[in-house]
$ cat start-v3.txt   # compact mmCIF, C-alpha atoms
# COMPACT_ATOMS: atom_id res chain seq x y z
CA MET A 1 127.46 54.04 83.04
CA VAL A 2 126.80 57.73 83.65
CA LEU A 3 123.96 59.12 81.54
CA ASP A 4 122.11 62.42 81.11
CA ALA A 5 118.62 62.64 79.65
CA GLY A 6 118.89 66.23 78.47
CA ASN A 7 118.82 69.94 79.32
CA MET A 8 122.32 70.13 80.71
CA PHE A 9 122.60 73.74 79.51
CA SER A 10 120.40 76.53 80.84
CA SER A 11 120.78 80.27 80.55
CA PRO A 12 121.60 82.13 77.31
CA GLY A 13 124.37 84.70 77.00
CA LEU A 14 128.10 84.72 77.60
CA GLN A 15 127.94 83.41 81.16
CA GLY A 16 125.68 80.61 79.98
CA GLN A 17 128.20 79.65 77.30
CA ILE A 18 131.04 79.55 79.82
CA LYS A 19 128.89 77.46 82.16
CA ALA A 20 128.07 75.07 79.31
CA GLU A 21 131.75 74.64 78.40
CA ILE A 22 132.65 73.97 82.03
CA ALA A 23 129.77 71.50 82.38
CA LEU A 24 130.88 69.54 79.32
CA GLU A 25 134.47 69.45 80.51
CA GLY A 26 133.21 68.18 83.86
CA MET A 27 131.15 65.52 82.12
CA GLN A 28 134.29 64.42 80.29
CA MET A 29 136.19 64.23 83.59
CA MET A 30 133.43 62.09 85.07
CA SER A 31 133.45 59.80 82.02
CA TYR A 32 129.85 60.36 80.99
CA SER A 33 128.78 57.59 78.64
CA MET A 34 126.02 59.48 76.87
CA PHE A 35 124.15 62.78 76.74
CA ASN A 36 120.72 63.18 75.13
CA LEU A 37 119.98 66.57 73.60
CA GLY A 38 117.12 68.37 75.34
CA TYR A 39 115.72 71.62 74.00
CA LYS A 40 117.76 73.81 76.39
CA ASP A 41 120.96 72.28 75.05
CA PHE A 42 120.41 74.24 71.82
CA VAL A 43 120.25 77.60 73.63
CA HIS A 44 123.72 78.69 72.36
CA GLY A 45 123.15 77.50 68.81
CA LEU A 46 123.92 74.31 66.94
CA GLU A 47 127.53 75.19 66.06
CA PHE A 48 128.35 75.76 69.73
CA LEU A 49 126.67 72.53 70.79
CA LEU A 50 128.32 70.28 68.22
CA TYR A 51 131.75 71.92 68.55
CA TYR A 52 132.00 71.62 72.33
CA THR A 53 130.49 68.15 72.66
CA ASP A 54 133.09 67.04 70.13
CA GLN A 55 135.93 68.94 71.80
CA PHE A 56 135.22 67.38 75.18
CA THR A 57 134.35 63.97 73.66
CA VAL A 58 130.95 63.73 75.34
CA PRO A 59 128.89 61.28 73.23
CA THR A 60 125.47 62.63 72.26
CA VAL A 61 122.29 60.96 71.04
CA ASN A 62 119.05 62.30 69.65
CA ALA A 63 116.74 60.60 67.17
CA ASN A 64 114.17 63.27 66.36
CA VAL A 65 116.13 66.49 65.75
CA VAL A 66 117.08 66.53 62.07
CA TYR A 67 118.09 68.88 59.27
CA GLU A 68 114.92 69.93 57.50
CA ASP A 69 116.35 69.77 53.97
CA THR A 70 117.60 66.17 54.11
CA GLY A 71 116.13 64.58 57.24
CA GLU A 72 119.68 63.79 58.36
CA HIS A 73 120.14 63.44 62.12
CA ILE A 74 122.29 66.13 63.70
CA THR A 75 123.89 63.50 65.91
CA ALA A 76 123.64 59.73 66.40
CA PRO A 77 119.98 58.73 66.90
CA TYR A 78 121.04 55.82 69.11
CA GLN A 79 124.07 54.03 70.43
CA ILE A 80 124.53 50.33 71.15
CA VAL A 81 126.80 49.55 74.09
CA GLU A 82 128.08 46.14 75.22
CA LEU A 83 128.05 45.69 78.99
CA ASP A 84 129.63 42.33 79.77
CA THR A 85 127.35 39.88 77.94
CA LEU A 86 124.52 42.39 77.58
CA LYS A 87 123.96 44.59 74.52
CA VAL A 88 122.05 47.78 75.37
CA GLY A 89 120.52 50.18 72.88
CA PHE A 90 120.19 53.82 73.98
CA ILE A 91 117.82 56.09 72.02
CA GLY A 92 117.47 59.81 72.68
CA VAL A 93 114.43 62.04 72.02
CA VAL A 94 113.18 65.51 72.86
CA ALA A 95 109.51 66.55 72.94
CA LYS A 96 108.27 67.91 69.60
CA ARG A 97 106.44 70.66 71.49
CA TYR A 98 109.83 72.37 71.83
CA GLN A 99 110.34 72.67 68.08
CA ASP A 100 109.80 76.46 68.00
CA GLU A 101 112.39 77.02 70.72
CA ILE A 102 114.94 74.73 69.07
CA VAL A 103 114.43 76.32 65.64
CA ASP A 104 114.81 79.78 67.18
CA TYR A 105 117.97 78.83 69.08
CA THR A 106 119.56 77.43 65.91
CA SER A 107 118.37 80.15 63.50
CA ASP A 108 121.94 81.37 62.89
CA HIS A 109 122.91 78.00 61.44
CA SER A 110 123.12 77.62 57.67
CA ARG A 111 120.58 74.77 57.73
CA THR A 112 117.14 74.78 59.30
CA ILE A 113 116.39 72.29 62.06
CA LYS A 114 113.22 70.26 62.38
CA VAL A 115 111.89 68.21 65.32
CA LEU A 116 110.07 65.00 64.40
CA ASP A 117 107.23 63.47 66.40
CA GLU A 118 108.86 61.61 69.28
CA MET A 119 106.36 58.74 69.28
CA THR A 120 106.78 57.87 65.60
CA THR A 121 110.53 58.35 65.78
CA LEU A 122 110.92 56.06 68.79
CA GLN A 123 108.96 53.28 67.16
CA THR A 124 111.10 53.56 64.02
CA GLN A 125 114.37 53.44 65.97
CA ILE A 126 113.22 50.59 68.20
CA ASP A 127 112.25 48.56 65.15
CA ALA A 128 115.69 49.27 63.67
CA ILE A 129 117.70 47.94 66.62
CA LYS A 130 115.49 45.57 68.61
CA LYS A 131 116.96 42.44 67.02
CA GLU A 132 120.50 43.61 67.82
CA VAL A 133 120.09 44.35 71.51
CA ASP A 134 118.99 42.73 74.77
CA LEU A 135 117.76 45.92 76.44
CA ILE A 136 116.40 49.25 75.16
CA VAL A 137 116.81 52.42 77.22
CA VAL A 138 115.23 55.69 76.13
CA LEU A 139 116.79 58.98 77.22
CA ALA A 140 113.73 61.21 77.03
CA SER A 141 113.64 64.98 77.44
CA VAL A 142 109.85 64.95 77.40
CA GLY A 143 108.60 65.12 81.00
CA ILE A 144 106.94 62.48 83.17
CA LYS A 145 103.46 62.56 81.62
CA LYS A 146 104.78 62.01 78.10
CA SER A 147 107.13 59.32 79.38
CA ILE A 148 104.11 57.45 80.77
CA THR A 149 102.37 57.77 77.39
CA ILE A 150 105.48 56.41 75.65
CA ALA A 151 105.65 53.45 78.06
CA ASN A 152 101.98 52.62 77.56
CA GLU A 153 101.84 52.99 73.78
CA ILE A 154 105.22 51.82 72.46
CA GLU A 155 106.38 48.25 72.81
CA GLY A 156 109.98 47.16 73.21
CA ILE A 157 111.23 49.69 75.77
CA ASP A 158 112.69 48.48 79.07
CA VAL A 159 113.73 51.71 80.81
CA ILE A 160 112.96 55.41 80.28
CA ILE A 161 115.35 57.89 81.86
CA CYS A 162 113.42 61.14 81.87
CA SER A 163 114.29 64.82 82.13
CA ASP A 164 112.23 68.01 81.93
CA GLY A 165 108.78 68.72 83.26
CA GLU A 166 107.34 67.89 86.65
CA GLU A 167 109.13 65.98 89.37
CA ILE A 168 107.90 62.65 90.77
CA THR A 169 107.53 61.80 94.44
CA GLU A 170 108.28 58.09 94.00
CA ASN A 171 111.76 56.84 93.24
CA TYR A 172 110.48 55.33 90.01
CA LEU A 173 107.30 54.64 88.04
CA TYR A 174 106.34 51.34 86.38
CA TYR A 175 103.98 51.24 83.42
CA ASN A 176 103.41 48.44 80.91
CA GLY A 177 106.60 46.68 81.96
CA VAL A 178 108.70 49.85 81.61
CA TYR A 179 110.67 51.45 84.44
CA ILE A 180 110.55 55.27 84.36
CA VAL A 181 113.17 57.09 86.43
CA LYS A 182 114.09 60.72 86.93
CA ALA A 183 117.02 61.93 88.97
CA GLY A 184 116.22 65.57 89.72
CA TYR A 185 117.55 68.90 88.51
CA ASP A 186 120.46 71.37 88.55
CA GLY A 187 123.03 68.61 89.06
CA LYS A 188 122.02 68.34 92.72
CA TYR A 189 120.91 64.72 92.53
CA ILE A 190 122.01 61.53 90.85
CA GLY A 191 119.90 58.49 90.12
CA ASN A 192 121.42 55.08 90.78
CA LEU A 193 119.75 52.24 88.85
CA THR A 194 120.92 48.63 89.17
CA LEU A 195 119.19 45.92 87.13
CA SER A 196 119.40 42.15 87.62
CA PHE A 197 118.77 39.71 84.75
CA ASP A 198 117.89 36.06 84.42
CA ILE A 199 119.55 33.61 82.06
CA THR A 200 117.34 34.82 79.19
CA LYS A 201 118.51 38.41 79.78
CA LYS A 202 115.15 39.55 81.09
CA ILE A 203 114.96 41.99 84.01
CA VAL A 204 114.05 40.10 87.19
CA ASP A 205 114.92 42.71 89.81
CA LYS A 206 115.91 46.32 90.16
CA GLU A 207 117.27 48.72 92.75
CA TYR A 208 116.84 52.45 92.26
CA SER A 209 117.60 55.37 94.52
CA ILE A 210 117.93 59.12 94.15
CA VAL A 211 121.00 60.44 95.93
CA GLU A 212 121.21 64.09 96.93
CA LEU A 213 124.70 65.44 96.26
CA ASP A 214 124.91 67.36 99.52
CA SER A 215 127.85 68.50 101.62
CA SER A 216 128.49 64.96 102.85
CA PHE A 217 130.19 64.27 99.52
CA PRO A 218 133.82 65.43 99.55
CA ASP A 219 135.00 67.84 96.88
CA HIS A 220 136.93 66.32 94.00
CA GLU A 221 140.23 68.11 93.41
CA ASP A 222 139.97 68.20 89.61
CA LEU A 223 136.33 69.30 89.59
CA GLU A 224 137.06 71.88 92.27
CA SER A 225 139.80 73.31 90.04
CA LEU A 226 137.33 73.38 87.18
CA MET A 227 134.90 75.42 89.28
CA ASP A 228 137.73 77.80 90.17
CA GLU A 229 138.29 78.25 86.43
CA TYR A 230 134.59 79.01 86.00
CA HIS A 231 134.69 81.70 88.67
CA ASP A 232 137.86 83.19 87.20
CA ARG A 233 136.23 83.39 83.80
CA LEU A 234 133.18 85.09 85.29
CA GLU A 235 135.45 87.71 86.82
CA GLU A 236 137.02 88.28 83.41
CA ILE A 237 133.61 89.15 81.96
CA LYS A 238 132.28 90.99 85.02
CA TYR A 239 131.78 94.21 83.09
CA GLU A 240 129.17 92.40 81.02
CA LEU A 241 126.98 92.87 84.10
CA ARG A 242 126.84 96.56 83.23
CA ASN A 243 124.89 95.64 80.12
CA ILE A 244 122.05 94.09 82.10
CA GLU A 245 118.88 96.04 81.33
CA GLN A 246 117.58 97.99 84.31
CA LYS A 247 113.80 97.86 84.57
CA GLU A 248 111.52 100.05 86.66
CA PRO A 249 110.64 98.32 89.95
CA ASP A 250 107.10 96.96 90.33
CA SER A 251 106.47 99.58 93.00
CA GLY A 252 107.64 102.30 90.61
CA TRP A 253 110.34 104.94 90.79
CA TYR A 254 113.78 103.56 91.81
CA TYR A 255 115.98 102.03 94.51
CA VAL A 256 117.89 104.29 96.91
CA GLY A 257 119.79 102.04 99.35
CA SER A 258 119.64 101.68 103.14
CA PHE A 259 121.79 104.76 103.77
CA ALA A 260 118.91 106.93 102.55
CA CYS A 261 116.59 105.15 104.99
CA SER A 262 118.88 105.73 107.97
CA THR A 263 119.71 109.39 107.30
CA GLU A 264 116.74 110.83 109.18
CA CYS A 265 113.80 108.57 109.87
CA HIS A 266 114.69 104.88 110.26
CA ASN A 267 118.05 104.82 111.97
CA SER A 268 117.06 102.25 114.63
CA GLN A 269 115.64 99.86 112.04
CA VAL A 270 118.73 100.13 109.87
CA SER A 271 120.95 99.59 112.93
CA GLN A 272 119.05 96.41 113.75
CA TRP A 273 119.30 95.24 110.12
CA ASN A 274 123.03 95.93 110.16
CA ASN A 275 123.48 93.13 112.71
CA THR A 276 121.69 90.49 110.63
CA SER A 277 122.97 88.08 108.02
CA HIS A 278 121.09 90.05 105.38
CA ALA A 279 123.60 92.86 105.77
CA GLU A 280 126.46 90.43 105.07
CA ALA A 281 124.76 88.59 102.21
CA PHE A 282 127.19 89.85 99.58
CA SER A 283 130.15 88.71 101.68
CA ALA A 284 128.79 85.18 101.36
CA LEU A 285 129.12 85.51 97.58
CA ILE A 286 132.69 86.74 97.89
CA ASP A 287 133.59 83.87 100.21
CA SER A 288 132.28 81.35 97.65
CA ASP A 289 133.71 83.18 94.57
CA GLN A 290 130.22 83.87 93.26
CA GLU A 291 130.21 87.68 93.34
CA TYR A 292 130.13 87.86 89.51
CA ASN A 293 127.58 85.09 89.06
CA LYS A 294 124.36 86.72 87.88
CA GLU A 295 122.44 83.60 88.92
CA CYS A 296 123.26 84.49 92.53
CA ILE A 297 123.53 88.28 92.56
CA PHE A 298 119.83 89.16 92.77
CA CYS A 299 119.32 87.49 96.14
CA HIS A 300 122.53 88.86 97.67
CA THR A 301 122.25 92.50 96.60
CA THR A 302 119.58 95.20 96.47
CA GLY A 303 117.67 96.04 93.31
CA TRP A 304 119.86 94.15 90.83
CA GLY A 305 118.32 94.52 87.38
CA TYR A 306 116.23 97.53 88.42
CA THR A 307 116.62 101.30 88.27
CA GLY A 308 118.93 102.55 91.01
CA GLY A 309 119.84 99.04 92.09
CA PHE A 310 123.08 97.08 92.26
CA ILE A 311 125.10 96.80 89.06
CA ILE A 312 128.62 95.69 89.96
CA SER A 313 130.74 96.14 93.08
CA ASP A 314 133.11 98.53 91.32
CA ASP A 315 130.20 100.88 90.57
CA THR A 316 127.59 100.34 93.28
CA PRO A 317 129.14 98.91 96.46
CA GLU A 318 126.51 100.79 98.48
CA MET A 319 123.86 98.41 97.10
CA GLU A 320 125.54 95.21 98.26
CA GLY A 321 123.68 93.01 100.72
CA VAL A 322 119.97 92.39 101.27
CA GLN A 323 118.88 95.86 102.33
CA CYS A 324 115.55 97.39 103.37
CA GLU A 325 114.12 97.65 99.87
CA MET A 326 114.54 93.97 99.04
CA CYS A 327 111.73 93.28 101.51
CA HIS A 328 109.81 96.56 101.56
CA GLY A 329 110.08 97.63 97.93
CA ALA A 330 111.89 100.45 96.11
CA ALA A 331 111.85 103.65 98.15
CA GLY A 332 112.50 106.35 95.54
CA GLU A 333 108.97 107.75 95.68
CA HIS A 334 108.91 107.54 99.48
CA ILE A 335 112.16 109.52 99.71
CA GLU A 336 110.93 112.20 97.34
CA THR A 337 107.32 112.55 98.47
CA GLY A 338 107.14 111.04 101.93
CA LYS A 339 104.36 108.70 100.88
CA VAL A 340 104.26 105.31 102.56
CA ILE A 341 104.00 102.85 99.69
CA PHE A 342 105.68 99.83 101.21
CA LYS A 343 104.22 96.37 100.81
CA THR A 344 103.40 94.02 103.68
CA ILE A 345 106.11 91.49 104.50
CA SER A 346 104.89 87.92 104.21
CA GLU A 347 106.29 84.43 103.89
CA SER A 348 106.05 84.71 100.09
CA THR A 349 108.30 87.79 100.25
CA CYS A 350 111.04 85.76 101.91
CA LYS A 351 110.57 82.75 99.67
CA LYS A 352 111.43 84.68 96.54
CA CYS A 353 115.02 84.01 97.55
CA HIS A 354 114.74 81.46 100.35
CA THR A 355 113.55 78.73 97.99
CA LYS A 356 113.77 75.03 98.67
CA GLU A 357 116.75 74.84 96.32
CA ASN A 358 118.66 77.82 97.76
CA SER A 359 117.66 77.50 101.43
CA PRO A 360 116.52 73.91 102.07
CA ASP A 361 116.47 74.46 105.86
CA PHE A 362 114.54 77.75 105.75
CA ASP A 363 111.57 77.94 108.10
CA TYR A 364 109.64 81.20 108.09
CA GLU A 365 108.37 80.91 111.66
CA THR A 366 111.93 80.35 112.91
CA TYR A 367 113.81 82.92 110.90
CA TYR A 368 111.41 85.85 110.59
CA PRO A 369 111.74 86.85 114.29
CA ILE A 370 115.49 87.26 113.75
CA ILE A 371 115.06 90.04 111.21
CA ILE A 372 111.83 91.68 112.40
CA HIS A 373 112.07 95.33 113.51

$ encode --input "start-v3.txt" --output "structure tokens"
Amino acid sequence: MVLDAGNMFSSPGLQGQIKAEIALEGMQMMSYSMFNLGYKDFVHGLEFLLYYTDQFTVPTVNANVVYEDTGEHITAPYQIVELDTLKVGFIGVVAKRYQDEIVDYTSDHSRTIKVLDEMTTLQTQIDAIKKEVDLIVVLASVGIKKSITIANEIEGIDVIICSDGEEITENYLYYNGVYIVKAGYDGKYIGNLTLSFDITKKIVDKEYSIVELDSSFPDHEDLESLMDEYHDRLEEIKYELRNIEQKEPDSGWYYVGSFACSTECHNSQVSQWNNTSHAEAFSALIDSDQEYNKECIFCHTTGWGYTGGFIISDDTPEMEGVQCEMCHGAAGEHIETGKVIFKTISESTCKKCHTKENSPDFDYETYYPIIIH
């Protein structure tokens, strides 16, 4: 079975909606068995969520998000699945602490949403199905700490598959006879849990591993085509990028671009920069069809989202690439007044973009000498 514990969706807005549709279609292709509703999955509203999960036939569960007026669940609180001779009950919950976010996300719906206490709800649902099943699995969008509390305080649970909150360094946790597992984030990892049972259908052994979905996994033709569709749809809405609010840079004034730096004073430095990968950073987006993906643009352009910075290639091609100001700060005041206002370059400067997720092999001591000037 392929399961998700919640928070499949992420960013709001039109690109986020397209990404959510593509994700659900991909889940359908991969024959997902179940999808618990985390708080981020409401980010596009309830109508969107229910329509597209139904359209792509991705089964959802959640026991503690209900309509306030009737207490009716917005989706199935649990599902019972027969696996060979084993009957497994799956219950989904989201942390009540996210009620304000969920209510806000769904405020355009005709009925108000309410989030029930996850502890009370779980006990009620477990009591309702425990005589019908051999195993109870909770899909919990509550974080690790709350998952441990659930394992310690609620009887009848065998496995908690957790999303949200902090990561864990171990492959799994074990509290009060309950296995707690978490696979990672951003679709970059998958957890593989295999359970062995004795004749009484009690767990006697387990194997669990977290597999990083790195480049060693070959691309799947159908999913690759789906990603091509995603990129095509982003290109269709590329002019939405013009609506991104431009804020004043932290250093004040505005961005000017590397040409302004090279005109009189810093020609040698700009020439050196021009031979680095930073200068070709936007080309990397083009090569991977990500040039209209706002989740990638900031780290491959100069000043995106700020006054004078990159907007879209059609309008501001001169701001493509990681130019001087991405490390030194916006230079508008320096150009106009001659004042030196630039910040010191440090490892933290680089790691704003060279994160563990984006640049897993980045080592400051190795790479900084390549760009220093």

$ residues_around --input "start-v3.txt" --residues "His300 in chain A" --least-positions-apart "2" --cutoff "8 Å" --atoms "only C-alpha atoms" --output "list in words"
His278, Ala281, Phe282, Leu285, Cys296, Ile297, Phe298, Thr302, Glu320, Gly321 and Val322 of chain A

$ write_last_selection --input "start-v3.txt" --atoms "C-alpha atoms" --output "compact mmCIF listing (two decimals), in the coordinates of the input"
# COMPACT_ATOMS: atom_id res chain seq x y z
CA HIS A 278 121.09 90.05 105.38
CA ALA A 281 124.76 88.59 102.21
CA PHE A 282 127.19 89.85 99.58
CA LEU A 285 129.12 85.51 97.58
CA CYS A 296 123.26 84.49 92.53
CA ILE A 297 123.53 88.28 92.56
CA PHE A 298 119.83 89.16 92.77
CA THR A 302 119.58 95.20 96.47
CA GLU A 320 125.54 95.21 98.26
CA GLY A 321 123.68 93.01 100.72
CA VAL A 322 119.97 92.39 101.27

$ residues_near_point --input "start-v3.txt" --point "(118.5, 75.4, 95.9)" --cutoff "12 Å" --atoms "all atoms listed in the file" --output "ChimeraX atom specification"
/A:184-189,212-214,295-296,351-362

$ residues_around --input "start-v3.txt" --residues "Thr121 in chain A" --least-positions-apart "6" --cutoff "10 Å" --atoms "all atoms listed in the file" --output "list in words"
Ala63, Asn64, Val65, Pro77, Ile91, Gly92, Val93, Val115 and Asp127 of chain A

$ closest_atom_pairs --input "start-v3.txt" --of "range 80-129 of chain A" --to "range 69-72 of chain A" --cutoff "10 Å" --atoms "all atoms listed in the file" --output "Markdown table"
| residue | atom | partner | partner_atom | distance |
| --- | --- | --- | --- | --- |
| A:Arg111 | CA | A:Asp69 | CA | 7.6 |
| A:Thr112 | CA | A:Asp69 | CA | 7.4 |
| A:Ile113 | CA | A:Asp69 | CA | 8.5 |
| A:Lys114 | CA | A:Gly71 | CA | 8.2 |
| A:Val115 | CA | A:Gly71 | CA | 9.8 |
| A:Leu116 | CA | A:Gly71 | CA | 9.4 |

$ atom_distance --input "start-v3.txt" --atom1 "CA of Leu14 in chain A" --atom2 "CA of Thr307 in chain A"
22.8 Å

$ atom_distance --input "start-v3.txt" --atom1 "CA of Ala23 in chain A" --atom2 "CA of Thr106 in chain A"
20.3 Å

$ atom_distance --input "start-v3.txt" --atom1 "CA of Asp84 in chain A" --atom2 "CA of Lys201 in chain A"
11.8 Å

$ residues_around --input "start-v3.txt" --residues "Phe56 in chain A" --least-positions-apart "6" --cutoff "10 Å" --atoms "all atoms listed in the file" --output "number ranges by chain"
A: 21-29

$ residues_around --input "start-v3.txt" --residues "Tyr172 in chain A" --least-positions-apart "2" --cutoff "10 Å" --atoms "all atoms listed in the file" --output "PyMOL selection string"
chain A and resi 161+168-170+174+179-183+191+193+207-210

$ residues_around --input "start-v3.txt" --residues "range 128-138 of chain A" --least-positions-apart "2" --cutoff "8 Å" --atoms "only C-alpha atoms" --output "number ranges by chain"
A: 80, 86-93, 124-126, 140, 156-161, 201

$ residues_near_point --input "start-v3.txt" --point "(110.9, 61.6, 82.3)" --cutoff "9 Å" --atoms "all atoms listed in the file" --output "ChimeraX atom specification"
/A:5,139-148,160-167,180-182

$ closest_residue --input "start-v3.txt" --among "A:Ser271, A:Ile237, A:Gly252, A:Asp287" --to "Glu333 in chain A" --atoms "only C-alpha atoms"
A:Gly252

$ closest_residue --input "start-v3.txt" --among "A:Val66, A:Asn7, A:Gly308, A:Ala20" --to "Glu245 in chain A" --atoms "all atoms listed in the file"
A:Gly308

$ closest_residue --input "start-v3.txt" --among "A:Glu248, A:Thr53, A:Thr316, A:Gly45" --to "Tyr32 in chain A" --atoms "all atoms listed in the file"
A:Thr53

$ decode --input "start-v3.txt" --residues "range 7-78 of chain A" --atoms "C-alpha atoms" --output "PDB file, in the first residue's frame"
ATOM      1  CA  ASN A   7       0.333  18.070   3.817  1.00  0.00           C
ATOM      2  CA  MET A   8       0.714  17.031   0.210  1.00  0.00           C
ATOM      3  CA  PHE A   9      -0.177  20.575  -0.907  1.00  0.00           C
ATOM      4  CA  SER A  10       1.964  23.588  -0.074  1.00  0.00           C
ATOM      5  CA  SER A  11       1.933  27.071  -1.530  1.00  0.00           C
ATOM      6  CA  PRO A  12      -1.211  29.156  -2.115  1.00  0.00           C
ATOM      7  CA  GLY A  13      -2.029  30.868  -5.400  1.00  0.00           C
ATOM      8  CA  LEU A  14      -2.487  29.742  -8.967  1.00  0.00           C
ATOM      9  CA  GLN A  15       0.842  27.933  -9.251  1.00  0.00           C
ATOM     10  CA  GLY A  16       0.075  26.120  -6.009  1.00  0.00           C
ATOM     11  CA  GLN A  17      -3.276  24.977  -7.401  1.00  0.00           C
ATOM     12  CA  ILE A  18      -1.657  23.651 -10.570  1.00  0.00           C
ATOM     13  CA  LYS A  19       0.968  21.873  -8.485  1.00  0.00           C
ATOM     14  CA  ALA A  20      -1.750  20.339  -6.302  1.00  0.00           C
ATOM     15  CA  GLU A  21      -3.677  19.060  -9.338  1.00  0.00           C
ATOM     16  CA  ILE A  22      -0.522  17.552 -10.807  1.00  0.00           C
ATOM     17  CA  ALA A  23       0.376  15.963  -7.461  1.00  0.00           C
ATOM     18  CA  LEU A  24      -3.036  14.328  -7.150  1.00  0.00           C
ATOM     19  CA  GLU A  25      -2.901  13.035 -10.706  1.00  0.00           C
ATOM     20  CA  GLY A  26       0.532  11.611  -9.931  1.00  0.00           C
ATOM     21  CA  MET A  27      -0.817   9.973  -6.787  1.00  0.00           C
ATOM     22  CA  GLN A  28      -3.539   8.374  -8.905  1.00  0.00           C
ATOM     23  CA  MET A  29      -0.925   7.091 -11.368  1.00  0.00           C
ATOM     24  CA  MET A  30       1.057   5.584  -8.502  1.00  0.00           C
ATOM     25  CA  SER A  31      -2.081   3.942  -7.084  1.00  0.00           C
ATOM     26  CA  TYR A  32      -2.020   5.653  -3.708  1.00  0.00           C
ATOM     27  CA  SER A  33      -4.232   3.753  -1.296  1.00  0.00           C
ATOM     28  CA  MET A  34      -4.983   6.613   1.058  1.00  0.00           C
ATOM     29  CA  PHE A  35      -4.285  10.276   1.771  1.00  0.00           C
ATOM     30  CA  ASN A  36      -4.835  11.884   5.182  1.00  0.00           C
ATOM     31  CA  LEU A  37      -5.777  15.554   5.147  1.00  0.00           C
ATOM     32  CA  GLY A  38      -3.150  17.755   6.807  1.00  0.00           C
ATOM     33  CA  TYR A  39      -3.743  21.450   7.378  1.00  0.00           C
ATOM     34  CA  LYS A  40      -1.812  22.534   4.260  1.00  0.00           C
ATOM     35  CA  ASP A  41      -4.127  20.432   2.110  1.00  0.00           C
ATOM     36  CA  PHE A  42      -6.880  22.991   2.759  1.00  0.00           C
ATOM     37  CA  VAL A  43      -4.788  25.894   1.418  1.00  0.00           C
ATOM     38  CA  HIS A  44      -6.860  26.177  -1.810  1.00  0.00           C
ATOM     39  CA  GLY A  45     -10.209  25.828  -0.078  1.00  0.00           C
ATOM     40  CA  LEU A  46     -12.504  22.928   0.646  1.00  0.00           C
ATOM     41  CA  GLU A  47     -14.266  22.909  -2.736  1.00  0.00           C
ATOM     42  CA  PHE A  48     -10.927  22.576  -4.538  1.00  0.00           C
ATOM     43  CA  LEU A  49      -9.751  19.805  -2.221  1.00  0.00           C
ATOM     44  CA  LEU A  50     -12.876  17.675  -2.426  1.00  0.00           C
ATOM     45  CA  TYR A  51     -13.355  18.201  -6.172  1.00  0.00           C
ATOM     46  CA  TYR A  52      -9.842  17.193  -7.199  1.00  0.00           C
ATOM     47  CA  THR A  53      -9.432  14.282  -4.795  1.00  0.00           C
ATOM     48  CA  ASP A  54     -12.679  12.949  -6.239  1.00  0.00           C
ATOM     49  CA  GLN A  55     -11.681  13.657  -9.842  1.00  0.00           C
ATOM     50  CA  PHE A  56      -8.398  11.798  -9.488  1.00  0.00           C
ATOM     51  CA  THR A  57      -9.930   9.086  -7.259  1.00  0.00           C
ATOM     52  CA  VAL A  58      -7.414   9.508  -4.456  1.00  0.00           C
ATOM     53  CA  PRO A  59      -9.093   8.141  -1.292  1.00  0.00           C
ATOM     54  CA  THR A  60      -8.945  10.534   1.656  1.00  0.00           C
ATOM     55  CA  VAL A  61      -9.400  10.060   5.391  1.00  0.00           C
ATOM     56  CA  ASN A  62      -9.703  12.469   8.279  1.00  0.00           C
ATOM     57  CA  ALA A  63     -11.595  11.945  11.519  1.00  0.00           C
ATOM     58  CA  ASN A  64     -11.406  15.325  13.230  1.00  0.00           C
ATOM     59  CA  VAL A  65     -12.229  17.923  10.557  1.00  0.00           C
ATOM     60  CA  VAL A  66     -16.005  18.335  10.536  1.00  0.00           C
ATOM     61  CA  TYR A  67     -18.747  20.759   9.518  1.00  0.00           C
ATOM     62  CA  GLU A  68     -19.469  22.939  12.522  1.00  0.00           C
ATOM     63  CA  ASP A  69     -23.245  23.006  12.083  1.00  0.00           C
ATOM     64  CA  THR A  70     -23.805  19.227  12.042  1.00  0.00           C
ATOM     65  CA  GLY A  71     -20.546  17.597  13.156  1.00  0.00           C
ATOM     66  CA  GLU A  72     -20.533  15.661   9.871  1.00  0.00           C
ATOM     67  CA  HIS A  73     -17.100  14.551   8.677  1.00  0.00           C
ATOM     68  CA  ILE A  74     -15.933  16.222   5.482  1.00  0.00           C
ATOM     69  CA  THR A  75     -14.502  12.899   4.324  1.00  0.00           C
ATOM     70  CA  ALA A  76     -14.326   9.327   5.626  1.00  0.00           C
ATOM     71  CA  PRO A  77     -12.927   9.317   9.191  1.00  0.00           C
ATOM     72  CA  TYR A  78     -11.379   5.896   8.616  1.00  0.00           C
TER      73      TYR A  78
END
